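**Q** One structure, pasted below without further comment.
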Amino acid sequence: MGLISCQKTEKMIEADIELISPSENSIIYLPDTLQIKLRIEAAGDIESVKISIVNSNYISLFGTNTINSPTAGKEIETTMLLRILQDYNDSPYKIRVKVKYPDNEQNTYFNIQLTNKPLAYKGFFLFSRPGIQLTNIVFYDQNLNDTAFTVSSGEYLDSDISSFYEKLFLLTDTPAKLKTFSIVDQLTEWEAEPVFPNPEFTDIQINEDRIYAGMESGQVVGYSTLNGQQKLITEMLSDSFPEKVFILEEFIIGDFLSRMNGNRTLVTFYKETGAKKHRQPISFPVVSFANTVYPDKVLVIGNENQKGKISLYNVLNNYFENTHQIDTGEIIAVCEINEETILFSIGRSVYLYHYKQSYSNWLATFDDTPANIYFEHISQQLIVQFEKRLSILKFPGMDEVTRLNFEKTLKGVQLYYQYD
C-alpha cells in the first residue's frame with residue numbers, strides 16, 4: 001500500500017502586464033527606434049523587468065533593456081534601437097517582458113510585426129593620405145561621381161559609418177582623436193580623445209547607438225553616437241591592451257596584447273556593465289572578427305606559422321568550437337557577405353569561406369596585393385582596395401566593372417546606405 005504525502009505549494013505571484021505602446025500586432029518598419037510603454041500590477045516586490053524582442057525561436061534580436069526595482073502600478077518606459085532583420089530572423093515576433101521576483105520570474109509575450117524598410121546603396125567614402133598627418137575624405141556616389149567631403153588632421157587608423165544616424169567616424173593618430181562627421185552637412189559634430197594612461201586609440205566599431213573604441217590604456221570605451229558622451233568604460237587591464245574590438249548582442253570582445261611578453265588573449269566584457277567576464281589565451285594575432293548566425297559566437301580570423309586560421313569562438317562559454325587552417329598563406333584582409341559567409345585575401349588572391357561547412361573557394365587573382373576588400377550586397381559587387389587603386393568587380397563572377405587610379409595612398413573605404 002502506497003503512502004500519499006501532502007505537500008504545501010507556494011502560489012506563484014502573477015503580475016498583470018498591460019502593453020500601452022506600441023499597440024499589439026502593430027507593424028514596425030526597420031531600422032527605427034521603438035518606445036515601449038508598460039504598466040505592471042503585482043502584489044509582491046519586483047526586482048527587475050527585462051524587455052526584449054524575440055523571434056520564433058525566442059532568441060532576442062536587439063538586445064535586452066533592463067529596468068531595476070520598478071514601482072508597481074506606474075508606467076515603465078524604455079527605448080530600443082531596432083536594426084535591420086536578417087534572413088534567419090524568422091517570424092512571428094514578440095515583445096517579451098520578463099518580470100523577476102525574489103523567488104521566481106514570469107514571462108509575458110505581445111505579438112508585433114516587423115518588416116525592413118527598403119535599403120538603397122548611395123556610394124562610398126574613400127579615405128586617403130594626401131600628406132603627413134592628414135586624411136582626405138571623398139564621397140563617390142553609385143555612378144562614381146566624386147564630391148570632396150573634408151580633409152582632417154591626423155594619420156588614418158580606422159573608420160566606421162552609421163547609416164541610421166547619418167554619421168561618419170574617423171580614428172586618427174598624431175593627433176589621437178575620434179572624430180564624428182555629419183554626412184548631411186559635412187561638419188564635425190564631436191571629437192573624443194583617448195583616456196590615460198597610454199592615451200592612444202587602437203580600433204573602433206559602431207554598434208546600435210554607440211561607437212566603441214579600443215584604448216592602449218587597456219580599456220574599451222563606448223561613446224554615444226549623438227553627442228560623444230561616454231556611456232560605458234570597461235574594466236581596465238593593466239597588463240595588456242586591445243588591438244581589435246568586436247561587439248556582440250550582450251558582450252564586448254577584444255584581442256588583447258600583453259605589454260610584458262607579447263602573449264595574446266581574447267578578453268570578454270559584459271556589454272551592459274563593462275565588467276570582465278573571462279579571458280581565453282590565443283596563439284595568433286587577430287586580423288578580423290566576423291559575425292555568425294549565433295548572438296554569442298564570433299569568427300576569429302588570423303594567422304599562425306604563415307598560414308591562415310579561422311576559428312569559431314563560443315563567447316558565452318569561453319571555448320573554441322572548431323578551427324579551420326588555410327594552408328594557402330597568411331590572411332591579409334576580410335569582409336563579410338552575410339552571417340554565414342566571408343571573403344578573405346591571401347597574397348594577390350581572394351577566397352570565399354563558409355564557416356558552417358568549413359570550406360573555402362578561390363575566386364580571383366590580381367596583379368597586385370589587395371590592402372582591403374569590401375562587399376556591397378545590393379549590387380553584388382566587390383570593391384578591392386590596393387595601395388593607389390580601387391577595382392570594382394561583379395560577384396561572384398569577379399569580372400572587373402571598373403577601376404579608379406589615384407596619386408595618393410588609399411587608407412580605407414566606408415560603404416554608405418540609406419533607408420527609404
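FYI, nothing fancy with the C-alpha cells labels: chains A, B, ... in order, residues from 1 per chain, ligands from 1 as they appear.
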Tell me, as a list in words, which residues lie within 8 Å of Leu19 (chain A), counting only C-alpha atoms; anything in the same chain fewer than 5 positions away does not count.
**A**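 Selected residues are Glu24, Ile36, Lys37, Leu38, Arg39 and Phe110 of chain A.
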**Q** Any chance you could list, as a PyMOL selection string, the residues in region 207-243 of chain A that come up strand (DSSP E or B) when DSSP is run on the backbone?
**A** chain A and resi 207+210-215+220-224+230-233+240-243
**Q** Find the residues near Arg279 (chain A): any atom within 7 Å, counting only C-alpha atoms, skip ones fewer than 4 places away on the same chain, and give them as an MDAnalysis selection string.
**A** chainID A and resid 265:268
**Q** Restricting the output to C-alpha atoms, write the selected residues as a PDB file, in the first residue's frame.
**A**
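Output file selection-v2.pdb follows:
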```
ATOM      1  CA  THR A 265      44.236  36.744 -25.005  1.00  0.00           C
ATOM      2  CA  LEU A 266      40.650  37.148 -26.076  1.00  0.00           C
ATOM      3  CA  VAL A 267      39.001  39.145 -23.303  1.00  0.00           C
ATOM      4  CA  THR A 268      35.219  39.284 -22.965  1.00  0.00           C
TER       5      THR A 268
END
```
**Q** Rounded to one decimal, what separation in Å do you get between CA of Leu363 (chain A) and CA of Gly397 (chain A)?
**A**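 Distance reported for this atom pair: 7.9 Å.
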**Q** Could you jot down the CA of Ile346 (chain A) to CA of Leu168 (chain A) separation for me, Å, one decimal place?
**A**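 CA of Ile346 (chain A) sits 29.0 Å away from CA of Leu168 (chain A).
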**Q** Hey, what's within 7 Å of region 237-241 of chain A if we count only C-alpha atoms and toss same-chain stuff fewer than 5 positions away? As a PDB file with N, CA and C atoms, in the first residue's frame, please?
**A**
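Saved file result-v1.pdb follows:
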```
ATOM      1  N   MET A 215      41.403  51.155 -26.468  1.00  0.00           N
ATOM      2  CA  MET A 215      42.380  52.105 -25.931  1.00  0.00           C
ATOM      3  C   MET A 215      43.666  51.375 -25.524  1.00  0.00           C
ATOM      4  N   GLU A 216      44.803  52.034 -25.732  1.00  0.00           N
ATOM      5  CA  GLU A 216      46.064  51.465 -25.256  1.00  0.00           C
ATOM      6  C   GLU A 216      46.165  51.507 -23.739  1.00  0.00           C
ATOM      7  N   SER A 217      45.231  52.181 -23.088  1.00  0.00           N
ATOM      8  CA  SER A 217      45.184  52.172 -21.623  1.00  0.00           C
ATOM      9  C   SER A 217      44.726  50.814 -21.091  1.00  0.00           C
ATOM     10  N   GLY A 218      44.187  49.938 -21.974  1.00  0.00           N
ATOM     11  CA  GLY A 218      43.723  48.631 -21.545  1.00  0.00           C
ATOM     12  C   GLY A 218      42.222  48.553 -21.370  1.00  0.00           C
ATOM     13  N   GLN A 219      41.485  49.458 -22.032  1.00  0.00           N
ATOM     14  CA  GLN A 219      40.035  49.511 -21.893  1.00  0.00           C
ATOM     15  C   GLN A 219      39.363  49.637 -23.257  1.00  0.00           C
ATOM     16  N   PHE A 256      43.553  41.186 -26.961  1.00  0.00           N
ATOM     17  CA  PHE A 256      44.442  41.934 -26.072  1.00  0.00           C
ATOM     18  C   PHE A 256      45.880  41.445 -26.194  1.00  0.00           C
ATOM     19  N   LEU A 257      46.800  42.404 -26.356  1.00  0.00           N
ATOM     20  CA  LEU A 257      48.225  42.127 -26.460  1.00  0.00           C
ATOM     21  C   LEU A 257      48.906  42.470 -25.151  1.00  0.00           C
ATOM     22  N   SER A 258      49.691  41.521 -24.617  1.00  0.00           N
ATOM     23  CA  SER A 258      50.393  41.737 -23.347  1.00  0.00           C
ATOM     24  C   SER A 258      51.485  42.790 -23.512  1.00  0.00           C
ATOM     25  N   ARG A 259      51.609  43.670 -22.523  1.00  0.00           N
ATOM     26  CA  ARG A 259      52.672  44.673 -22.528  1.00  0.00           C
ATOM     27  C   ARG A 259      54.011  44.054 -22.137  1.00  0.00           C
TER      28      ARG A 259
END
```
**Q** Hey, what's within 9 Å of Tyr93 (chain A) if we count only C-alpha atoms and toss same-chain stuff fewer than 6 positions away? As a list in words, please?
**A**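 Final neighbour list, sorted by chain and number: Ile53, Val54, Asn55, Ser56, Tyr58, Phe110, Asn111, Ile112, Gln113 and Leu114 of chain A.
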**Q** Which residues come within 9 Å of Ser379 (chain A), counting only C-alpha atoms, excluding same-chain residues fewer than 3 positions away, as a PDB file with N, CA and C atoms, in the first residue's frame?
**A**
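Writing done, so here's result.pdb:
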```
ATOM      1  N   TYR A 121      21.677  51.638 -51.820  1.00  0.00           N
ATOM      2  CA  TYR A 121      23.114  51.895 -51.784  1.00  0.00           C
ATOM      3  C   TYR A 121      23.382  53.249 -52.419  1.00  0.00           C
ATOM      4  N   GLU A 376      29.648  44.928 -51.377  1.00  0.00           N
ATOM      5  CA  GLU A 376      28.433  45.722 -51.490  1.00  0.00           C
ATOM      6  C   GLU A 376      27.298  44.778 -51.892  1.00  0.00           C
ATOM      7  N   LYS A 394      32.197  42.404 -60.286  1.00  0.00           N
ATOM      8  CA  LYS A 394      30.892  41.788 -60.123  1.00  0.00           C
ATOM      9  C   LYS A 394      31.055  40.453 -59.412  1.00  0.00           C
ATOM     10  N   PHE A 395      30.225  40.227 -58.381  1.00  0.00           N
ATOM     11  CA  PHE A 395      30.298  38.988 -57.605  1.00  0.00           C
ATOM     12  C   PHE A 395      29.126  38.093 -57.997  1.00  0.00           C
TER      13      PHE A 395
END
```
**Q** Determine, counting only C-alpha atoms, which protein, DNA and RNA residues have an atom within 10 Å of an atom of Lys177 (chain A); residues of the same chain fewer than 5 positions away are not included. Present the result as a PyMOL selection string.
**A** chain A and resi 153-155+157+170-172+191-194+199-201
**Q** Determine the nearest neighbour of Glu336 (chain A) from the options A:Asn322, A:Tyr374, A:Lys94, A:Asn198, counting only C-alpha atoms.
**A**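 Nearest to Glu336 (chain A): A:Tyr374.
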**Q** To one decimal place, how far is CA of Asn317 (chain A) from CA of Met260 (chain A) in Å?
**A**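 Between CA of Asn317 (chain A) and CA of Met260 (chain A) the gap is 27.3 Å.
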**Q** Of the candidates A:Ile161, A:Leu85, A:Val384, A:Leu187, which one gets nearest to Phe149 (chain A) if we count only C-alpha atoms?
**A**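 Among A:Ile161, A:Leu85, A:Val384, A:Leu187, it is A:Leu187 that comes nearest to Phe149 (chain A).
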**Q** Of the residues A:Ile132, A:Ile282, A:Cys335, A:Val300, which is the one nearest to Ala371 (chain A), using only C-alpha atoms?
**A** A:Cys335
**Q** Considering only C-alpha atoms, state which residue in the set A:Asn361, A:Ser23, A:Asn145, A:Thr79 is at the smallest distance from Ile342 (chain A).
**A**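 So, comparing all the options, the nearest one is A:Asn361.
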